[in-house]
Structure formats: structure tokens, C-alpha cells
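The structure file start_27.tsv is reproduced below (TSV, C-alpha atoms).
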```
chain	number	residue	atom	x	y	z
R	1	MET	CA	-66.08	-25.61	-6.22
R	2	PRO	CA	-66.68	-28.99	-4.49
R	3	SER	CA	-63.84	-30.32	-2.36
R	4	LEU	CA	-61.86	-33.41	-3.28
R	5	HIS	CA	-63.31	-36.67	-1.94
R	6	VAL	CA	-60.70	-39.19	-0.79
R	7	ALA	CA	-61.45	-42.79	0.21
R	8	ILE	CA	-58.86	-44.22	2.63
R	9	ILE	CA	-58.56	-47.97	3.13
R	10	GLY	CA	-57.23	-48.76	6.60
R	11	ALA	CA	-57.98	-47.11	9.93
R	12	GLY	CA	-54.80	-47.70	11.87
R	13	ILE	CA	-52.72	-44.77	13.02
R	14	ILE	CA	-51.48	-44.14	9.45
R	15	GLY	CA	-54.89	-44.25	7.78
R	16	LEU	CA	-56.62	-42.16	10.44
R	17	SER	CA	-53.82	-39.60	10.56
R	18	THR	CA	-53.84	-39.33	6.77
R	19	ALA	CA	-57.60	-38.77	6.87
R	20	PHE	CA	-57.09	-36.10	9.54
R	21	GLU	CA	-54.38	-34.41	7.47
R	22	LEU	CA	-56.53	-34.38	4.34
R	23	ARG	CA	-59.50	-32.93	6.21
R	24	TRP	CA	-57.18	-30.31	7.70
R	25	ARG	CA	-56.34	-29.34	4.13
R	26	GLY	CA	-59.99	-29.12	3.09
R	27	CYS	CA	-60.79	-32.55	1.63
R	28	GLU	CA	-63.79	-34.76	2.26
R	29	VAL	CA	-62.80	-38.22	3.43
R	30	THR	CA	-64.26	-41.69	3.84
R	31	VAL	CA	-62.26	-44.22	5.90
R	32	ILE	CA	-62.91	-47.92	5.29
R	33	ASP	CA	-61.98	-50.51	7.92
R	34	PRO	CA	-64.04	-53.21	9.72
R	35	ASP	CA	-62.17	-52.77	13.04
R	36	PRO	CA	-60.50	-49.35	13.31
R	37	GLY	CA	-57.25	-49.37	15.26
R	38	GLN	CA	-57.19	-53.12	15.96
R	39	GLY	CA	-54.19	-54.03	13.80
R	40	ALA	CA	-50.54	-53.24	14.45
R	41	SER	CA	-51.46	-49.87	15.96
R	42	ARG	CA	-53.18	-51.71	18.81
R	43	ALA	CA	-49.92	-53.36	19.86
R	44	ALA	CA	-47.47	-50.52	19.19
R	45	ALA	CA	-45.62	-49.06	22.18
R	46	GLY	CA	-45.33	-45.60	20.65
R	47	MET	CA	-41.65	-44.85	21.18
R	48	LEU	CA	-40.60	-41.73	19.28
R	49	ALA	CA	-36.95	-42.63	19.37
R	50	PRO	CA	-34.95	-41.73	16.26
R	51	ALA	CA	-31.70	-41.63	18.24
R	52	ALA	CA	-32.21	-44.91	20.09
R	53	GLU	CA	-33.50	-46.57	16.89
R	54	THR	CA	-30.36	-45.78	14.90
R	55	THR	CA	-28.92	-48.74	12.98
R	56	TRP	CA	-25.90	-48.95	10.70
R	57	GLY	CA	-26.75	-48.98	7.00
R	58	HIS	CA	-30.16	-47.34	7.19
R	59	GLY	CA	-28.95	-44.03	5.75
R	60	ILE	CA	-31.80	-41.73	4.80
R	61	LEU	CA	-34.27	-43.59	7.01
R	62	HIS	CA	-32.60	-41.86	9.97
R	63	GLU	CA	-33.32	-38.49	8.39
R	64	LEU	CA	-36.98	-39.41	7.93
R	65	LEU	CA	-37.27	-40.61	11.53
R	66	GLY	CA	-35.61	-37.49	12.92
R	67	ALA	CA	-37.67	-35.06	10.85
R	68	SER	CA	-40.93	-36.85	11.68
R	69	ASN	CA	-40.05	-36.79	15.38
R	70	GLN	CA	-39.50	-33.03	15.23
R	71	ALA	CA	-42.91	-32.64	13.57
R	72	TYR	CA	-44.71	-34.45	16.39
R	73	PRO	CA	-45.42	-31.44	18.69
R	74	ASP	CA	-47.23	-29.62	15.87
R	75	PHE	CA	-49.07	-32.81	14.91
R	76	VAL	CA	-50.29	-33.28	18.50
R	77	GLN	CA	-51.23	-29.61	18.80
R	78	ARG	CA	-53.33	-29.74	15.63
R	79	ILE	CA	-55.17	-32.85	16.84
R	80	GLU	CA	-55.97	-31.08	20.11
R	81	GLN	CA	-57.06	-27.93	18.26
R	82	ALA	CA	-59.41	-29.86	15.96
R	83	THR	CA	-60.85	-32.33	18.49
R	84	GLY	CA	-60.51	-30.70	21.91
R	85	ARG	CA	-58.64	-33.79	23.12
R	86	ARG	CA	-54.88	-34.15	23.50
R	87	PRO	CA	-53.13	-37.45	22.73
R	88	ASP	CA	-51.00	-38.93	25.51
R	89	TYR	CA	-47.70	-37.43	24.36
R	90	LEU	CA	-44.82	-37.41	26.85
R	91	GLU	CA	-41.45	-35.73	26.36
R	92	ASN	CA	-39.76	-37.96	28.90
R	93	ALA	CA	-36.44	-38.86	27.20
R	94	THR	CA	-35.03	-42.36	26.70
R	95	LEU	CA	-32.30	-44.25	28.53
R	96	VAL	CA	-30.50	-46.95	26.54
R	97	VAL	CA	-29.00	-49.34	29.08
R	98	ALA	CA	-26.33	-52.03	28.73
R	99	ALA	CA	-27.02	-54.93	31.05
R	100	GLU	CA	-23.51	-56.43	31.12
R	101	PRO	CA	-19.95	-55.39	30.23
R	102	ALA	CA	-20.23	-57.35	26.98
R	103	ASP	CA	-23.23	-55.19	26.01
R	104	ARG	CA	-21.22	-51.97	26.41
R	105	ASP	CA	-19.69	-52.49	22.96
R	106	ALA	CA	-23.14	-52.27	21.42
R	107	LEU	CA	-23.79	-49.14	23.48
R	108	HIS	CA	-20.53	-47.54	22.28
R	109	GLU	CA	-21.41	-48.41	18.68
R	110	LEU	CA	-24.80	-46.76	19.16
R	111	VAL	CA	-23.25	-43.56	20.52
R	112	GLN	CA	-20.76	-43.45	17.64
R	113	LEU	CA	-23.57	-43.78	15.10
R	114	GLN	CA	-25.80	-41.27	16.89
R	115	THR	CA	-23.00	-38.71	16.92
R	116	SER	CA	-22.28	-39.21	13.21
R	117	LEU	CA	-25.95	-38.61	12.41
R	118	GLY	CA	-26.26	-35.49	14.53
R	119	PHE	CA	-28.52	-36.95	17.22
R	120	SER	CA	-28.13	-35.95	20.85
R	121	ALA	CA	-26.71	-38.68	23.11
R	122	GLN	CA	-25.25	-38.33	26.61
R	123	THR	CA	-23.10	-41.18	27.89
R	124	LEU	CA	-23.77	-42.00	31.55
R	125	LEU	CA	-21.96	-43.99	34.21
R	126	PRO	CA	-24.13	-46.71	35.76
R	127	SER	CA	-24.36	-44.70	38.98
R	128	ALA	CA	-25.65	-41.63	37.11
R	129	ALA	CA	-28.23	-43.70	35.27
R	130	ARG	CA	-29.43	-45.19	38.55
R	131	ARG	CA	-29.79	-41.73	40.08
R	132	MET	CA	-32.13	-40.90	37.20
R	133	GLU	CA	-33.94	-44.24	37.49
R	134	PRO	CA	-33.47	-45.89	40.90
R	135	ALA	CA	-35.39	-48.98	39.73
R	136	LEU	CA	-32.54	-49.96	37.39
R	137	ALA	CA	-30.53	-52.97	38.48
R	138	SER	CA	-27.50	-52.24	40.63
R	139	ASN	CA	-25.14	-54.09	38.24
R	140	ILE	CA	-25.97	-52.45	34.91
R	141	ALA	CA	-22.85	-51.75	32.85
R	142	GLY	CA	-23.63	-48.33	31.37
R	143	ALA	CA	-26.26	-46.13	29.76
R	144	VAL	CA	-26.92	-43.39	27.23
R	145	ARG	CA	-29.55	-40.69	27.63
R	146	CYS	CA	-31.34	-39.59	24.44
R	147	ALA	CA	-33.05	-36.36	25.45
R	148	GLY	CA	-34.94	-35.92	22.18
R	149	ASP	CA	-36.50	-39.40	22.15
R	150	HIS	CA	-40.04	-39.20	23.51
R	151	GLN	CA	-43.22	-41.30	23.43
R	152	ILE	CA	-46.88	-41.20	22.47
R	153	ASP	CA	-49.65	-43.68	23.25
R	154	PRO	CA	-50.87	-44.82	19.80
R	155	ARG	CA	-54.13	-46.03	21.31
R	156	SER	CA	-54.93	-42.50	22.44
R	157	VAL	CA	-54.23	-41.12	18.94
R	158	VAL	CA	-56.39	-43.79	17.31
R	159	ALA	CA	-59.26	-43.32	19.79
R	160	ILE	CA	-59.28	-39.53	19.38
R	161	LEU	CA	-59.09	-39.60	15.58
R	162	ALA	CA	-61.61	-42.44	15.22
R	163	GLY	CA	-64.04	-40.44	17.35
R	164	HIS	CA	-63.36	-37.28	15.38
R	165	LEU	CA	-63.92	-39.11	12.08
R	166	ASP	CA	-66.75	-41.35	13.25
R	167	ALA	CA	-69.24	-40.01	10.70
R	168	GLN	CA	-66.73	-40.73	7.93
R	169	LEU	CA	-65.95	-44.31	9.01
R	170	VAL	CA	-67.30	-47.24	7.02
R	171	ARG	CA	-66.89	-50.28	9.25
R	172	GLU	CA	-66.61	-52.88	6.51
R	173	PRO	CA	-63.69	-54.58	4.79
R	174	ALA	CA	-62.50	-53.14	1.49
R	175	VAL	CA	-62.49	-56.06	-0.93
R	176	GLU	CA	-61.77	-54.56	-4.35
R	177	LEU	CA	-60.34	-51.50	-6.07
R	178	LEU	CA	-62.38	-50.51	-9.12
R	179	GLN	CA	-60.71	-48.98	-12.15
R	180	ARG	CA	-61.85	-47.13	-15.20
R	181	ALA	CA	-59.40	-46.85	-18.11
R	182	GLY	CA	-56.54	-47.82	-15.80
R	183	THR	CA	-57.40	-45.29	-13.09
R	184	THR	CA	-58.76	-46.26	-9.67
R	185	HIS	CA	-62.07	-44.49	-9.07
R	186	ALA	CA	-63.91	-46.50	-6.39
R	187	VAL	CA	-63.72	-49.10	-3.63
R	188	ARG	CA	-66.06	-52.07	-3.27
R	189	THR	CA	-66.74	-53.09	0.36
R	190	GLY	CA	-67.65	-56.46	1.81
R	191	SER	CA	-71.38	-55.70	1.66
R	192	GLY	CA	-71.14	-54.82	-2.04
R	193	ARG	CA	-71.29	-51.09	-1.43
R	194	ILE	CA	-69.35	-49.05	-3.99
R	195	ILE	CA	-67.66	-45.92	-2.67
R	196	GLU	CA	-66.74	-43.52	-5.45
R	197	ALA	CA	-63.81	-41.18	-4.82
R	198	ASP	CA	-61.68	-38.63	-6.62
R	199	GLN	CA	-58.65	-40.28	-5.03
R	200	VAL	CA	-58.10	-43.53	-3.11
R	201	VAL	CA	-55.39	-44.06	-0.48
R	202	LEU	CA	-54.40	-47.65	0.31
R	203	ALA	CA	-53.17	-47.55	3.92
R	204	ALA	CA	-54.01	-51.11	4.96
R	205	GLY	CA	-50.90	-52.80	6.27
R	206	LEU	CA	-51.19	-56.43	5.25
R	207	GLY	CA	-54.79	-56.83	4.15
R	208	THR	CA	-55.68	-58.22	0.74
R	209	VAL	CA	-57.68	-55.97	-1.57
R	210	ALA	CA	-58.40	-57.23	-5.10
R	211	GLY	CA	-56.93	-54.96	-7.73
R	212	THR	CA	-53.87	-54.06	-5.67
R	213	PRO	CA	-50.53	-54.69	-7.39
R	214	GLU	CA	-48.13	-57.14	-5.78
R	215	LEU	CA	-46.16	-55.36	-3.06
R	216	PRO	CA	-42.85	-56.31	-1.36
R	217	LEU	CA	-44.44	-56.73	2.08
R	218	ARG	CA	-44.06	-59.47	4.66
R	219	PRO	CA	-45.59	-59.90	8.14
R	220	VAL	CA	-43.15	-59.33	11.01
R	221	TYR	CA	-44.82	-60.43	14.22
R	222	GLY	CA	-44.24	-58.83	17.58
R	223	ASP	CA	-45.28	-60.00	21.05
R	224	ILE	CA	-45.82	-57.23	23.59
R	225	PHE	CA	-46.92	-56.91	27.23
R	226	ARG	CA	-48.87	-54.27	29.10
R	227	LEU	CA	-48.16	-54.32	32.83
R	228	GLN	CA	-49.59	-52.41	35.75
R	229	GLY	CA	-46.91	-51.02	38.04
R	230	PRO	CA	-47.05	-51.55	41.80
R	231	ALA	CA	-48.86	-49.06	44.03
R	232	GLY	CA	-46.95	-45.93	44.98
R	233	PRO	CA	-44.50	-43.92	42.89
R	234	ARG	CA	-44.12	-44.90	39.25
R	235	LEU	CA	-41.54	-47.62	38.68
R	236	LEU	CA	-39.93	-45.67	35.81
R	237	THR	CA	-40.11	-42.11	34.50
R	238	HIS	CA	-37.87	-42.51	31.42
R	239	THR	CA	-38.42	-44.93	28.60
R	240	VAL	CA	-35.79	-47.65	29.09
R	241	ARG	CA	-34.38	-49.47	26.09
R	242	GLY	CA	-32.11	-52.29	27.10
R	243	ILE	CA	-29.37	-54.33	25.49
R	244	VAL	CA	-29.22	-57.73	27.21
R	245	HIS	CA	-26.86	-60.30	25.68
R	246	ARG	CA	-27.08	-58.12	22.55
R	247	ASP	CA	-30.86	-58.58	22.46
R	248	PRO	CA	-33.11	-55.51	22.57
R	249	VAL	CA	-35.89	-54.99	25.10
R	250	TYR	CA	-37.81	-51.90	26.14
R	251	LEU	CA	-40.02	-50.63	28.95
R	252	VAL	CA	-42.24	-47.62	28.22
R	253	PRO	CA	-43.87	-45.98	31.27
R	254	ARG	CA	-47.32	-44.44	30.86
R	255	ALA	CA	-48.69	-41.55	32.89
R	256	ASP	CA	-51.16	-43.87	34.68
R	257	GLY	CA	-48.35	-46.00	36.14
R	258	SER	CA	-48.65	-48.80	33.60
R	259	LEU	CA	-45.76	-50.06	31.48
R	260	VAL	CA	-45.45	-51.39	27.94
R	261	LEU	CA	-42.87	-54.16	27.67
R	262	GLY	CA	-41.72	-55.39	24.29
R	263	ALA	CA	-41.17	-56.49	21.78
R	264	SER	CA	-40.19	-59.57	19.89
R	265	SER	CA	-39.55	-59.64	16.15
R	266	ARG	CA	-40.30	-62.92	14.41
R	267	GLU	CA	-41.27	-64.07	10.92
R	268	ASP	CA	-42.67	-67.50	11.73
R	269	GLY	CA	-46.18	-66.87	10.39
R	270	ASN	CA	-47.72	-67.54	13.81
R	271	GLU	CA	-50.37	-64.95	14.69
R	272	ALA	CA	-50.67	-66.18	18.29
R	273	VAL	CA	-48.56	-64.99	21.22
R	274	ASN	CA	-45.32	-66.98	21.44
R	275	ILE	CA	-44.57	-68.31	24.93
R	276	GLY	CA	-40.82	-68.53	24.36
R	277	GLN	CA	-40.66	-64.89	23.27
R	278	MET	CA	-42.77	-63.87	26.29
R	279	HIS	CA	-40.37	-65.61	28.65
R	280	LYS	CA	-37.33	-64.04	27.00
R	281	LEU	CA	-38.80	-60.52	27.15
R	282	LEU	CA	-39.75	-60.86	30.80
R	283	ASP	CA	-36.38	-62.31	31.76
R	284	ASN	CA	-34.43	-59.58	29.95
R	285	ALA	CA	-36.64	-56.85	31.40
R	286	ARG	CA	-36.21	-58.27	34.91
R	287	ARG	CA	-32.44	-58.21	34.38
R	288	LEU	CA	-32.63	-54.44	33.82
R	289	VAL	CA	-35.50	-53.50	36.16
R	290	PRO	CA	-35.93	-56.15	38.87
R	291	GLY	CA	-39.06	-54.43	40.20
R	292	ILE	CA	-41.18	-55.60	37.28
R	293	VAL	CA	-41.75	-58.84	39.22
R	294	ASP	CA	-44.08	-56.75	41.42
R	295	CYS	CA	-46.18	-55.65	38.43
R	296	SER	CA	-49.47	-57.27	37.42
R	297	LEU	CA	-50.36	-58.33	33.89
R	298	ASN	CA	-52.90	-56.20	32.03
R	299	GLU	CA	-52.50	-57.67	28.56
R	300	VAL	CA	-50.28	-59.67	26.27
R	301	ILE	CA	-50.82	-59.28	22.55
R	302	ALA	CA	-49.24	-60.16	19.21
R	303	ARG	CA	-49.66	-58.33	15.94
R	304	ALA	CA	-48.03	-58.35	12.50
R	305	ARG	CA	-46.16	-55.29	11.27
R	306	PRO	CA	-45.90	-54.80	7.49
R	307	GLY	CA	-42.18	-55.12	6.74
R	308	THR	CA	-40.29	-54.10	3.59
R	309	PRO	CA	-36.84	-55.25	2.41
R	310	ASP	CA	-35.15	-51.99	3.49
R	311	ASP	CA	-37.42	-51.04	6.45
R	312	ARG	CA	-38.58	-47.90	4.64
R	313	PRO	CA	-42.29	-47.48	3.94
R	314	LEU	CA	-43.98	-47.63	0.56
R	315	ILE	CA	-45.51	-44.21	-0.14
R	316	GLY	CA	-46.23	-43.22	-3.71
R	317	ARG	CA	-48.72	-42.88	-6.52
R	318	LEU	CA	-49.69	-46.15	-8.24
R	319	ASP	CA	-52.09	-44.68	-10.80
R	320	ASP	CA	-53.86	-41.38	-11.41
R	321	GLY	CA	-56.45	-42.23	-8.77
R	322	LEU	CA	-54.51	-44.36	-6.27
R	323	VAL	CA	-51.84	-43.50	-3.69
R	324	LEU	CA	-50.12	-46.14	-1.54
R	325	SER	CA	-49.08	-45.61	2.09
R	326	THR	CA	-48.02	-48.80	3.86
R	327	GLY	CA	-44.98	-50.91	4.82
R	328	TYR	CA	-43.91	-48.83	7.81
R	329	SER	CA	-42.39	-51.86	9.56
R	330	ARG	CA	-41.70	-51.03	13.24
R	331	HIS	CA	-41.56	-47.28	12.57
R	332	GLY	CA	-45.23	-46.66	11.84
R	333	VAL	CA	-45.99	-44.55	14.90
R	334	LEU	CA	-42.80	-42.48	14.68
R	335	LEU	CA	-43.27	-41.89	10.94
R	336	THR	CA	-46.95	-40.92	11.24
R	337	PRO	CA	-46.50	-37.13	10.79
R	338	PHE	CA	-44.15	-37.72	7.87
R	339	GLY	CA	-46.28	-40.38	6.20
R	340	SER	CA	-49.60	-38.57	6.55
R	341	SER	CA	-48.15	-35.29	5.26
R	342	LEU	CA	-46.36	-36.86	2.27
R	343	THR	CA	-49.43	-38.90	1.35
R	344	ALA	CA	-51.61	-35.77	1.48
R	345	ASP	CA	-49.10	-33.96	-0.76
R	346	LEU	CA	-49.32	-36.78	-3.31
R	347	VAL	CA	-53.12	-36.91	-3.19
R	348	LEU	CA	-53.39	-33.16	-3.74
R	349	GLY	CA	-50.65	-32.93	-6.34
R	350	GLN	CA	-48.53	-30.68	-4.13
R	351	PRO	CA	-44.73	-30.92	-4.55
R	352	PRO	CA	-43.27	-33.08	-1.78
R	353	HIS	CA	-39.74	-33.02	-0.39
R	354	ALA	CA	-38.09	-34.64	-3.43
R	355	GLU	CA	-35.39	-36.69	-1.68
R	356	HIS	CA	-37.83	-37.97	0.95
R	357	ALA	CA	-40.38	-38.93	-1.70
R	358	ARG	CA	-37.73	-40.86	-3.67
R	359	ALA	CA	-36.61	-42.68	-0.53
R	360	VAL	CA	-40.06	-44.21	0.01
R	361	ASP	CA	-41.22	-44.51	-3.61
R	362	PRO	CA	-42.61	-48.05	-4.16
R	363	ALA	CA	-40.96	-48.03	-7.59
R	364	ARG	CA	-37.57	-48.55	-5.95
R	365	PHE	CA	-38.29	-52.29	-5.87
R	366	SER	CA	-39.60	-52.59	-9.41
R	367	GLY	CA	-36.96	-50.87	-11.51
R	368	GLY	CA	-39.13	-47.76	-11.80
R	369	SER	CA	-38.20	-44.13	-11.44
R	370	ALA	CA	-36.94	-44.28	-7.88
R	371	PRO	CA	-33.17	-44.30	-7.31
R	372	ASP	CA	-31.33	-47.45	-6.37
R	373	PRO	CA	-32.18	-48.00	-2.69
R	374	ALA	CA	-28.64	-49.18	-2.03
R	375	GLY	CA	-27.39	-45.81	-3.21
R	376	LEU	CA	-29.84	-44.02	-0.96
R	377	SER	CA	-28.81	-46.06	2.03
R	378	ARG	CA	-25.24	-44.86	1.59
R	379	ALA	CA	-26.23	-41.21	1.37
R	380	GLU	CA	-25.17	-38.96	4.22
R	381	PRO	CA	-28.28	-37.80	6.08
R	382	SER	CA	-28.84	-34.07	6.47
R	383	ARG	CA	-30.81	-32.41	9.22
R	384	THR	CA	-34.13	-31.31	7.77
R	385	ASP	CA	-36.41	-28.48	8.87
R	386	PRO	CA	-39.54	-30.23	10.21
R	387	SER	CA	-41.72	-27.48	8.73
R	388	ARG	CA	-41.06	-29.10	5.34
R	389	LEU	CA	-43.29	-31.98	6.47
R	390	ALA	CA	-46.50	-29.93	6.57
R	391	PRO	CA	-47.99	-26.98	4.72
R	392	THR	CA	-47.57	-23.58	6.29
R	393	ARG	CA	-51.18	-23.54	7.41
R	394	MET	CA	-52.97	-24.82	5.96
R	395	GLU	CA	-52.93	-49.49	11.55
R	396	LEU	CA	-52.47	-49.55	11.98
R	397	HIS	CA	-52.18	-51.70	9.89
R	398	ARG	CA	-53.60	-55.08	9.66
```

The structure in this file should be written as C-alpha cells.
Amino acid sequence: MPSLHVAIIGAGIIGLSTAFELRWRGCEVTVIDPDPGQGASRAAAGMLAPAAETTWGHGILHELLGASNQAYPDFVQRIEQATGRRPDYLENATLVVAAEPADRDALHELVQLQTSLGFSAQTLLPSAARRMEPALASNIAGAVRCAGDHQIDPRSVVAILAGHLDAQLVREPAVELLQRAGTTHAVRTGSGRIIEADQVVLAAGLGTVAGTPELPLRPVYGDIFRLQGPAGPRLLTHTVRGIVHRDPVYLVPRADGSLVLGASSREDGNEAVNIGQMHKLLDNARRLVPGIVDCSLNEVIARARPGTPDDRPLIGRLDDGLVLSTGYSRHGVLLTPFGSSLTADLVLGQPPHAEHARAVDPARFSGGSAPDPAGLSRAEPSRTDPSRLAPTRMELHR
């Protein structure tokens, strides 16, 4: 019996990981994207930080983030098993640091929320935080260590998977979804090529493809730096997430001594790097880690993340031949194991985790079958076995 052929539009970390998951489960795939990995995935820092990312009112999103984070070791192991290459995945913990006494309130609120959600969080005195990270400023006001918050370099994931799937990549834009009797059955590319498929997955973040229904997406731009640390020992070993005058900033150390510094969040429609945001990020980072003034600049970049009204992605079936997987906002990298697994379940008609599927169903914004998102956001999260995210054995975004 021939295997299912799936055409995937979008070769960011979500599209490529979904293609990998489907191949792992025995499908044939074709991935359509003119510039694989050059969208939001190119800019992403790769923090796997469900505890540090906690925010009041996000309800079940915290459960999705936590479960996807727990699934990451298996996800990385399977990539290495299939490709012979291991993504740059570091289990190096995260320090959330308050710059000033006034920022300690935000830190205390974070700890309270983390505790209520079942995440691990260790409150530290400034002196203890500085013993862990001597490069922190001498006058920080406090810190929290999130032992389960790790990091991955999205560029390494994209490069490995794009290489692994190279023969299945069509480096053209997808311009139109083709339907027959209301069911999507093919994709037309920019050159006029028609790619027939048993199933189509739309994983392009903000691109326009004719035949796609209107979606509740908006571009949320982020400016982000890549710095090279000074010679000698690495400037930082933990990921540092700062609160400076109630504004967030983060520094993510890579194994090669470089640092990712970010990121702004703006909805001004400007695709170019914003100088004011650059200055603010650098100034706040210097307030936490003065030694960054000795770093050199490798890159500064801006990309648009596909945002939704409730910050949860849009993952669901749109017709008998089309599945949607987009709208991951700033959580695309962290939610990659979750999103790729759920999307593969939907493509193959396998029963997904029901509550998780409802939480990300695109119908929640159109009066469809999904529950009221406000009701979901008030639900108490439960701790979920990460094995539910994948079968027993089987942008990102632009």
C-alpha cells in the first residue's frame, strides 16, 4: 500500500519539524518554501523556558509549553538518530534577574505564578546569583533559578532538518491552494508547478497563499542581536532573563562563546531593525551584565512573528485535505515538539490529546466547535505526561 504523501508549505522550524515527524511515521513529504529557515526561525533565540515565560491569564498555554519542553530530549534524540547530527541543545538552566528593588515585585509575582503552576523555581539572594554568574552586576536586586528551563539553537535544528530533507524541498513560493469539491488536493507554486498531495499542511507563518481562509494573525516584530563574547572564559553559562524597569531582556549564551541578546516586541509594521529598540536592549542588558560592552557585534536582525489574539497557535483541520499549523507567536521554538506531533496526528487521523487540540483549534475564533477561549484560559493546568505528545514508536515562519 503506497504511503501518504503530504505537502507542507513553510520550511521554518515548525514546517521542517512537522515534515520530519511525518517521515518518522512513514509518510512521504514535500516541503515548499523559497528560502528555508529565513523567516522568524532565523531570528529566534531558542529559549525553552516554560517557567520563565509564565504570564498571568494564559491558563492552558502553560500546560502546552511545559509538556512540549519535557518532550524536547526525545525530539532531539530522534533527530540525531535519523540524521547523525545533534542539534545544539543545552540543559543549562535559566536565571531570572531583577535589576532594581522596584523590579523585585515582578520577580515575586513570577515565583508565585510558577509555584501555582507546578514549575520549579528557586529564589536566590543577589550574592548567590552572582556566585553562579560572576558577570552579573554587583547591584542586582534578586534572582530566581529555573532549573528546567533550557535552550536550543533553532538555526542548528533548521540546518540539520533542511539538509536531511533536501531532496524533498521545493525552493519556490506556494502561491495557491487548489481544491476539488471543497477539499484541498494540491499546491500551485510560483513557477506554475502543481504539487498533488493526499494532505496539505499550511505552516507558513505570515505568507499569503491564495485559497487560504482569513486567519486571526498579525505580525509582531522583534529586534535581536548576536554578539561574540570576549576572549577567555564564557561571559555567561546560564541563560539570563532580566527585568529592568519592568521591561524584559534576555541573554542566551551559546557553546561557542557567542550570545543572543533580545528581543523587542513591536507592532509598528516596520520590517527594518529599529534603532530605538536596539539602544534599549543594549542598555538594559548592560545594566544586568556590564561585560557585554566588551563583546563584538556579529549580527542584528528583525523578523515578524505570527501573533494570535490569545498567544496560542492555530493548529487544526480546515478541510478534508488541509491542516493548519501556524500562529505560534513567540513560542514557536518551544512548542515545536508539541506542534509537529499534533499536526501529524491530525494529518494521519490519529486521536490527539483532546484538551490540547481544543486549546489550539482555529475554530475558537470563528464560533466553531472549539470551546470559548476565555473559558480555557481560566482552566487550571494539569501536569501532562510528555509521552502523550508522540506515538510510542513509531519558520519559521515568514

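Using all atoms listed in the file for every distance, the candidate list R:Ala357, R:Ile292, R:Leu177, R:Ile140 yields R:Ile140 as the residue closest to R:Gly242.
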
Shell of 6 Å around stretch 316-330 of chain R, all atoms listed in the file, local chain residues under 3 positions omitted, as a ChimeraX atom specification | /R:183-184,199-203,205,305-308,311,313,361

Which is closer to R:Ala11 than all the others in R:Ala135, R:Leu161, R:Leu110, R:Ala141, using only C-alpha atoms?
->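 Using only C-alpha atoms, the shortest distance to R:Ala11 belongs to R:Leu161.
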
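The closest residue to R:Asp268, picked from R:Arg131, R:His164, R:Arg218, R:Arg193 and counting only C-alpha atoms, is R:Arg218.
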
Which distance in Å separates atom CA of R:Ala231 and atom CA of R:Leu90, to one decimal?
->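 Going from atom CA of R:Ala231 over to atom CA of R:Leu90, I get 21.1 Å.
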
Which distance in Å separates atom CA of R:Arg254 and atom CA of R:Leu169, to one decimal?
-> 28.7 Å

Point-to-point distance from atom CA of R:Gly211 to atom CA of R:Leu178, Å rounded to tenths = 7.2 Å

Expected answer as JSON, numbers by chain: all residues with atoms within 12 Å of (-23.8, -36.5, 13.5), all atoms listed in the file = {"R": [51, 54, 59, 62, 63, 66, 110, 111, 112, 113, 114, 115, 116, 117, 118, 119, 120, 121, 380, 381, 382, 383]}

Give, as lines of an AutoDock Vina configuration file, the centre coordinates and the x, y and z edge lengths in Å to one decimal for an axis-aligned box around all listed atoms of stretch 190-205 of chain R, padded by 5 Å on each side.
```
center_x = -61.1
center_y = -47.5
center_z = -0.2
size_x = 30.5
size_y = 27.8
size_z = 22.9
```

R:Leu64, R:Val158, R:Val144, R:Leu334: which is nearest R:Gly15, counting all atoms listed in the file?
->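 Closest candidate: R:Val158.
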
R:Met47: which residues within 10 Å, counting all atoms listed in the file, same-chain residues fewer than 2 positions away excluded, as a ChimeraX atom specification?
-> /R:44-45,49-50,52-53,90,93-94,149-154,239,241,250-252,331,333-334

Keeping C-alpha atoms, export the residues of the selection given above as a PDB file, in the coordinates of the input.
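The resulting out-v2.pdb:
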```pdb
ATOM      1  CA  ALA R  44     -47.470 -50.520  19.190  1.00  0.00           C
ATOM      2  CA  ALA R  45     -45.620 -49.060  22.180  1.00  0.00           C
ATOM      3  CA  ALA R  49     -36.950 -42.630  19.370  1.00  0.00           C
ATOM      4  CA  PRO R  50     -34.950 -41.730  16.260  1.00  0.00           C
ATOM      5  CA  ALA R  52     -32.210 -44.910  20.090  1.00  0.00           C
ATOM      6  CA  GLU R  53     -33.500 -46.570  16.890  1.00  0.00           C
ATOM      7  CA  LEU R  90     -44.820 -37.410  26.850  1.00  0.00           C
ATOM      8  CA  ALA R  93     -36.440 -38.860  27.200  1.00  0.00           C
ATOM      9  CA  THR R  94     -35.030 -42.360  26.700  1.00  0.00           C
ATOM     10  CA  ASP R 149     -36.500 -39.400  22.150  1.00  0.00           C
ATOM     11  CA  HIS R 150     -40.040 -39.200  23.510  1.00  0.00           C
ATOM     12  CA  GLN R 151     -43.220 -41.300  23.430  1.00  0.00           C
ATOM     13  CA  ILE R 152     -46.880 -41.200  22.470  1.00  0.00           C
ATOM     14  CA  ASP R 153     -49.650 -43.680  23.250  1.00  0.00           C
ATOM     15  CA  PRO R 154     -50.870 -44.820  19.800  1.00  0.00           C
ATOM     16  CA  THR R 239     -38.420 -44.930  28.600  1.00  0.00           C
ATOM     17  CA  ARG R 241     -34.380 -49.470  26.090  1.00  0.00           C
ATOM     18  CA  TYR R 250     -37.810 -51.900  26.140  1.00  0.00           C
ATOM     19  CA  LEU R 251     -40.020 -50.630  28.950  1.00  0.00           C
ATOM     20  CA  VAL R 252     -42.240 -47.620  28.220  1.00  0.00           C
ATOM     21  CA  HIS R 331     -41.560 -47.280  12.570  1.00  0.00           C
ATOM     22  CA  VAL R 333     -45.990 -44.550  14.900  1.00  0.00           C
ATOM     23  CA  LEU R 334     -42.800 -42.480  14.680  1.00  0.00           C
TER      24      LEU R 334
END
```

Which of these residues is nearest to R:Thr55, using all atoms listed in the file: R:Val29, R:Ala363, R:Ser3, R:Glu109?
->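 Checking each of R:Val29, R:Ala363, R:Ser3, R:Glu109 against R:Thr55, counting all atoms listed in the file, the winner is R:Glu109.
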
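You can rank R:Leu165, R:Gly182, R:His238, R:Gln122 by their closest distance to R:Leu22 using all atoms listed in the file, and at the top of that list sits R:Leu165.
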
Find the residues around R:Asp103 up to 12 Å (all atoms listed in the file counted), leave out those fewer than 2 positions away in its own chain, and share them as a PyMOL selection string.
-> chain R and resi 96-101+105-110+140-143+242-248
